[in-house]
Every structure is written in C-alpha cells, then in structure tokens.
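A short write-up of the structure that comes next.
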Amino acid sequence: MRLSQVIAVLDDLYPPAWAESWDAVGLVCGDPDQDVRRVLLAVDPVAAVVDEALEWGADLVLTHHPLLLRGVHGVPASTPKGRLVHRLIKNDVALFTAHTNADVADPGVSDALARAVGVTGELRPIVPAADDPRRGLGRIGELPSTLTLEEFTARVAGGLPATVWGVRAAGDPDRPVRTVAVCGGAGDSLLSDVRAAGVDVYLTADLRHHPASEFVEAGGPALLDAAHWATEHPWLAGAAASLAKHLDVETRVSTAVTDAWRLHGADNQGVK
C-alpha cells in the first residue's frame, strides 16, 4: 500500500475537519508515495514508541497525541522532538496523528473506553456534534447490572491498562452505579454536561482537586479519575482493526507504557 492510500482511509475514518481548531492532526512526516506494510499504533509519539517502530520494522506510526501541537520554527536534532523527527525520516518511517477528530468519531476514543469498562448496549455522546447526533464528545451508556461505586471502580481498574496512577474515585463507595458517562483523556470541561445528563458516575482523566471537590459536594455524579494514557489506550485496538479491514497492511498496538507517571509513593487502600 502507498502511504497516500492509508491517509485516505484514515481521513475517512477520522476526517480532519472534525478536529478542534487548535489541534494539529494528519501527516507529520513521511512521503505519500512511500510503501506501507506495517503500521504501529500508540497513544504518544515518544522515543520508546519510535524504538519499537524501528525494531518491528514499521513503515508508519499512527499516534493519538500530536508531536508538534504548538508552532515550531525548526526541528533540530538537539531537541527531543527534533531528534524524533530526524530518526523517523532517516529510517523512512512516517508519522500520522488522529487526535480530537478521533475523539468525536463514531466509533471513537470514548466508545472504546466505555466498552473496556463494561458499558454495554447503545452509546450516545455527552455533547453531540452539531451535524450528527451520533458523534461528539464523550459517551453515555448503561452497565448490564447495577454495581456499587467501589465495585465499578475495581471493574474500571481491571478493564484499563495498569498504571501507577491507578483509578481514583470520589463519592460514596456504596453508591449504586448503572448509568455511566466516560470521556477519554482530560474531561473536566464536560463536568456541567455530565451533571445535566443525570448519570451515576463519570469516568475521565486529569481531574483537578477544586473542580472535583466542588462537583461532588454539590451532589453531582460520582467521579472516577484514571491516567490520561490509560483512558485513551483502548481506542488503539479498534483503530488497528479498522485499518486492517480497509487496507492490506499489518497492524500492531504498541506495547510501550508511555504514561508520564512512573512511581507511586502510597498504598492503594481507599479512605472511607
């Protein structure tokens, strides 16, 4: 396959027009005419992922997070990001990003997160897209049966890849949980929408102390805060399957744990 053919499929699955105005999606480096036989998928475009791509012989790395989100004036090899770009180009490995356009896709990042933690049945966006109510930010769905918050927290921890961050819960451990809202990645901007939706619990990442505390004190749904990387990782397998369905390429989900947090100094006992 030509890289241009792979890009055409990716742009169909995750149209760049769906990305936020501040985002940087699409082809970062690579020749559209180059051959692509192997595609490595990862959340983050970091050195460990490039190491894996080169070792496996990947021709394309598809990541969720952009490498060059903010404007740059150069990519010298004396900088971490410049060094990564130089390694990719020297080894004829292309880099492509699907970020907020994958977040709002149907299915997208939050669909995969919901399924990973046991939400079944039909899913609907927390904030639907203006042009298509099936797409949008976050997802809401139902568990097959009611669990306590403590039980659901354990289910989430078991359904997501392990990180030292783990899964933190805010709310009464015995609170019944059936209707679940999720948002892969940083989702505190949706707190008011989640409250209005009347769900029992909201799972996302990167929640800050004051908004979370005020939300729970005001009687909002329970909150679950997982590692950013872990909430977006489930999307990779689905994206890989979609590529393999449409293209004659070999896909692989990166085994590198690229969560930024590496150590945890406390035990995992909850406070009741």
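Ordering of the structure tokens sets the chain letters (A, B, ...); residue numbers start at 1 within each chain; ligands are numbered from 1 in the order shown.
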- Tell me, as number ranges by chain, which residues lie within 12 Å of Arg135 (chain A), counting only C-alpha atoms; anything in the same chain fewer than 6 positions away does not count. A: 14, 18, 100-111, 123-129
- Item | All strand (DSSP E) positions in region 94-189 of chain A, as JSON, numbers by chain | {"A": [94, 95, 96, 97, 120, 121, 122, 123, 124, 127, 128, 129, 132, 133, 134, 135, 136, 137, 139, 140, 141, 142, 143, 144, 145, 146, 147, 148, 167, 168, 169, 170, 176, 177, 178, 179, 180, 181, 182, 183, 184, 185, 186]}
Write out the residues from the selection above, keeping N, CA and C atoms, as a compact mmCIF listing (two decimals), in the first residue's frame.
# COMPACT_ATOMS: atom_id res chain seq x y z
N ALA A 94 6.95 6.99 8.53
CA ALA A 94 6.03 8.13 8.54
C ALA A 94 5.35 8.24 9.91
N LEU A 95 4.85 9.42 10.23
CA LEU A 95 4.12 9.67 11.47
C LEU A 95 2.82 10.39 11.13
N PHE A 96 1.72 9.86 11.65
CA PHE A 96 0.39 10.42 11.40
C PHE A 96 -0.35 10.55 12.73
N THR A 97 -1.13 11.62 12.87
CA THR A 97 -1.85 11.86 14.12
C THR A 97 -3.36 11.95 13.87
N THR A 120 -22.39 -1.61 28.13
CA THR A 120 -22.96 -2.35 27.01
C THR A 120 -24.10 -1.57 26.37
N GLY A 121 -24.62 -2.12 25.29
CA GLY A 121 -25.77 -1.50 24.64
C GLY A 121 -25.41 -0.24 23.88
N GLU A 122 -26.41 0.55 23.56
CA GLU A 122 -26.23 1.74 22.76
C GLU A 122 -25.51 2.83 23.54
N LEU A 123 -24.64 3.54 22.86
CA LEU A 123 -23.92 4.66 23.45
C LEU A 123 -24.37 5.95 22.78
N ARG A 124 -24.40 7.03 23.54
CA ARG A 124 -24.72 8.34 22.98
C ARG A 124 -23.70 9.36 23.48
N VAL A 127 -21.85 15.34 24.62
CA VAL A 127 -22.10 16.57 23.87
C VAL A 127 -22.13 16.20 22.38
N PRO A 128 -23.31 16.06 21.79
CA PRO A 128 -23.40 15.65 20.39
C PRO A 128 -22.83 16.71 19.44
N ALA A 129 -22.30 16.24 18.32
CA ALA A 129 -21.84 17.15 17.28
C ALA A 129 -23.06 17.84 16.64
N ASP A 132 -24.27 15.85 13.51
CA ASP A 132 -24.54 14.42 13.59
C ASP A 132 -24.67 14.01 15.05
N PRO A 133 -25.87 13.68 15.52
CA PRO A 133 -26.07 13.34 16.93
C PRO A 133 -25.40 12.05 17.36
N ARG A 134 -24.89 11.25 16.40
CA ARG A 134 -24.19 10.03 16.76
C ARG A 134 -22.74 10.31 17.15
N ARG A 135 -22.21 11.43 16.70
CA ARG A 135 -20.84 11.79 17.02
C ARG A 135 -20.83 12.82 18.14
N GLY A 136 -19.62 13.07 18.69
CA GLY A 136 -19.48 14.11 19.69
C GLY A 136 -18.54 13.71 20.80
N LEU A 137 -18.43 14.59 21.78
CA LEU A 137 -17.51 14.37 22.90
C LEU A 137 -18.10 13.43 23.93
N ARG A 139 -19.12 9.70 25.92
CA ARG A 139 -20.20 8.75 25.67
C ARG A 139 -20.94 8.45 26.98
N ILE A 140 -22.23 8.11 26.84
CA ILE A 140 -23.07 7.71 27.97
C ILE A 140 -23.70 6.37 27.62
N GLY A 141 -23.68 5.46 28.58
CA GLY A 141 -24.29 4.15 28.37
C GLY A 141 -24.65 3.50 29.69
N GLU A 142 -25.09 2.26 29.62
CA GLU A 142 -25.57 1.55 30.81
C GLU A 142 -24.72 0.31 31.08
N LEU A 143 -24.56 0.00 32.35
CA LEU A 143 -23.97 -1.27 32.75
C LEU A 143 -25.03 -2.35 32.67
N PRO A 144 -24.65 -3.61 32.46
CA PRO A 144 -25.64 -4.70 32.40
C PRO A 144 -26.43 -4.83 33.69
N SER A 145 -25.81 -4.52 34.80
CA SER A 145 -26.48 -4.58 36.10
C SER A 145 -25.87 -3.53 37.01
N THR A 146 -26.60 -3.18 38.05
CA THR A 146 -26.16 -2.15 38.98
C THR A 146 -25.00 -2.64 39.84
N LEU A 147 -23.99 -1.81 39.98
CA LEU A 147 -22.85 -2.08 40.86
C LEU A 147 -22.74 -0.96 41.87
N THR A 148 -22.00 -1.20 42.94
CA THR A 148 -21.64 -0.09 43.83
C THR A 148 -20.48 0.67 43.18
N VAL A 167 -6.73 4.03 39.48
CA VAL A 167 -8.05 4.63 39.29
C VAL A 167 -8.51 5.18 40.63
N ARG A 168 -8.85 6.47 40.66
CA ARG A 168 -9.29 7.12 41.89
C ARG A 168 -10.78 7.42 41.79
N ALA A 169 -11.49 7.27 42.90
CA ALA A 169 -12.93 7.51 42.90
C ALA A 169 -13.28 8.56 43.94
N ALA A 170 -14.23 9.42 43.61
CA ALA A 170 -14.77 10.42 44.53
C ALA A 170 -16.27 10.19 44.64
N PRO A 176 -25.04 3.33 44.32
CA PRO A 176 -25.39 2.48 43.18
C PRO A 176 -24.97 3.14 41.86
N VAL A 177 -24.41 2.35 40.98
CA VAL A 177 -23.95 2.84 39.68
C VAL A 177 -24.56 1.98 38.57
N ARG A 178 -25.24 2.61 37.65
CA ARG A 178 -25.79 1.90 36.48
C ARG A 178 -25.55 2.70 35.20
N THR A 179 -25.88 4.01 35.21
CA THR A 179 -25.67 4.86 34.04
C THR A 179 -24.29 5.51 34.13
N VAL A 180 -23.48 5.32 33.10
CA VAL A 180 -22.08 5.71 33.13
C VAL A 180 -21.77 6.69 32.01
N ALA A 181 -21.06 7.76 32.33
CA ALA A 181 -20.52 8.68 31.33
C ALA A 181 -19.01 8.52 31.32
N VAL A 182 -18.43 8.56 30.14
CA VAL A 182 -16.97 8.45 30.01
C VAL A 182 -16.47 9.48 29.02
N CYS A 183 -15.23 9.89 29.20
CA CYS A 183 -14.54 10.73 28.23
C CYS A 183 -13.07 10.39 28.28
N GLY A 184 -12.54 9.88 27.18
CA GLY A 184 -11.12 9.57 27.12
C GLY A 184 -10.29 10.83 27.17
N GLY A 185 -9.21 10.80 27.95
CA GLY A 185 -8.37 11.99 28.10
C GLY A 185 -8.93 12.97 29.11
N ALA A 186 -8.44 14.20 29.06
CA ALA A 186 -8.84 15.23 30.02
C ALA A 186 -10.29 15.62 29.77
- Query: Using only C-alpha atoms, which residue out of A:Leu223, A:Ala48, A:Leu60, A:Val6 lies closest to His209 (chain A)?
  - Reply: A:Leu223
- Secondary structure check, helix (DSSP H, G or I) residues of region 27-203 of chain A, as JSON, numbers by chain: {"A": [47, 48, 49, 50, 51, 52, 53, 54, 55, 56, 80, 81, 82, 83, 84, 85, 86, 87, 88, 89, 90, 100, 101, 102, 103, 109, 110, 111, 112, 113, 114, 115, 116, 149, 150, 151, 152, 153, 154, 155, 156, 157, 158, 159, 188, 189, 190, 191, 192, 193, 194, 195, 196, 197]}
- Item | Coordinates-based distance that separates CA of Leu69 (chain A) from CA of His86 (chain A) (Å, one decimal) |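 Atom-to-atom, CA of His86 (chain A) to CA of Leu69 (chain A), that is 17.4 Å.
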- Query: If you measure from CA of Arg83 (chain A) to CA of Arg70 (chain A), what distance in Å do you get, rounded to one decimal?
  - Reply: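 A separation of 16.8 Å between them.
Take CA of His228 (chain A) and CA of Gly187 (chain A): the distance between them is 9.6 Å.
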- Task: Using only C-alpha atoms, determine which residues lie at most 9 Å from Gly220 (chain A), disregarding the query and same-chain residues fewer than 2 positions distant; provide the list as a PyMOL selection string.
- Result: chain A and resi 191+194-195+198-201+214-218+222-223
File of the preceding selection, N, CA and C atoms, as a JSON list (two decimals), in the first residue's frame:
[["chain", "number", "residue", "atom", "x", "y", "z"],
["A", 191, "LEU", "N", -17.85, 18.54, 32.89],
["A", 191, "LEU", "CA", -18.49, 18.28, 34.17],
["A", 191, "LEU", "C", -19.93, 18.80, 34.23],
["A", 194, "VAL", "N", -22.15, 16.56, 32.17],
["A", 194, "VAL", "CA", -22.37, 15.28, 32.83],
["A", 194, "VAL", "C", -23.42, 15.43, 33.94],
["A", 195, "ARG", "N", -23.34, 16.51, 34.70],
["A", 195, "ARG", "CA", -24.33, 16.74, 35.76],
["A", 195, "ARG", "C", -25.73, 16.83, 35.15],
["A", 198, "GLY", "N", -27.59, 13.53, 34.18],
["A", 198, "GLY", "CA", -28.19, 12.70, 35.21],
["A", 198, "GLY", "C", -27.60, 11.30, 35.33],
["A", 199, "VAL", "N", -26.30, 11.16, 35.04],
["A", 199, "VAL", "CA", -25.66, 9.85, 35.14],
["A", 199, "VAL", "C", -25.28, 9.56, 36.59],
["A", 200, "ASP", "N", -24.88, 8.33, 36.85],
["A", 200, "ASP", "CA", -24.49, 7.93, 38.19],
["A", 200, "ASP", "C", -23.00, 8.14, 38.45],
["A", 201, "VAL", "N", -22.18, 8.05, 37.39],
["A", 201, "VAL", "CA", -20.74, 8.16, 37.57],
["A", 201, "VAL", "C", -20.13, 8.68, 36.28],
["A", 214, "GLU", "N", -15.77, 20.40, 44.42],
["A", 214, "GLU", "CA", -17.00, 21.18, 44.34],
["A", 214, "GLU", "C", -18.11, 20.41, 43.64],
["A", 215, "PHE", "N", -17.74, 19.62, 42.63],
["A", 215, "PHE", "CA", -18.71, 18.83, 41.88],
["A", 215, "PHE", "C", -19.37, 17.80, 42.79],
["A", 216, "VAL", "N", -18.57, 17.08, 43.55],
["A", 216, "VAL", "CA", -19.11, 16.04, 44.43],
["A", 216, "VAL", "C", -19.90, 16.66, 45.58],
["A", 217, "GLU", "N", -19.38, 17.76, 46.16],
["A", 217, "GLU", "CA", -20.07, 18.43, 47.27],
["A", 217, "GLU", "C", -21.44, 18.96, 46.84],
["A", 218, "ALA", "N", -21.58, 19.32, 45.60],
["A", 218, "ALA", "CA", -22.85, 19.86, 45.10],
["A", 218, "ALA", "C", -23.84, 18.76, 44.71],
["A", 222, "ALA", "N", -20.86, 10.55, 40.96],
["A", 222, "ALA", "CA", -19.54, 10.13, 41.43],
["A", 222, "ALA", "C", -18.53, 10.33, 40.31],
["A", 223, "LEU", "N", -17.27, 10.46, 40.69],
["A", 223, "LEU", "CA", -16.21, 10.70, 39.71],
["A", 223, "LEU", "C", -15.16, 9.60, 39.79]]
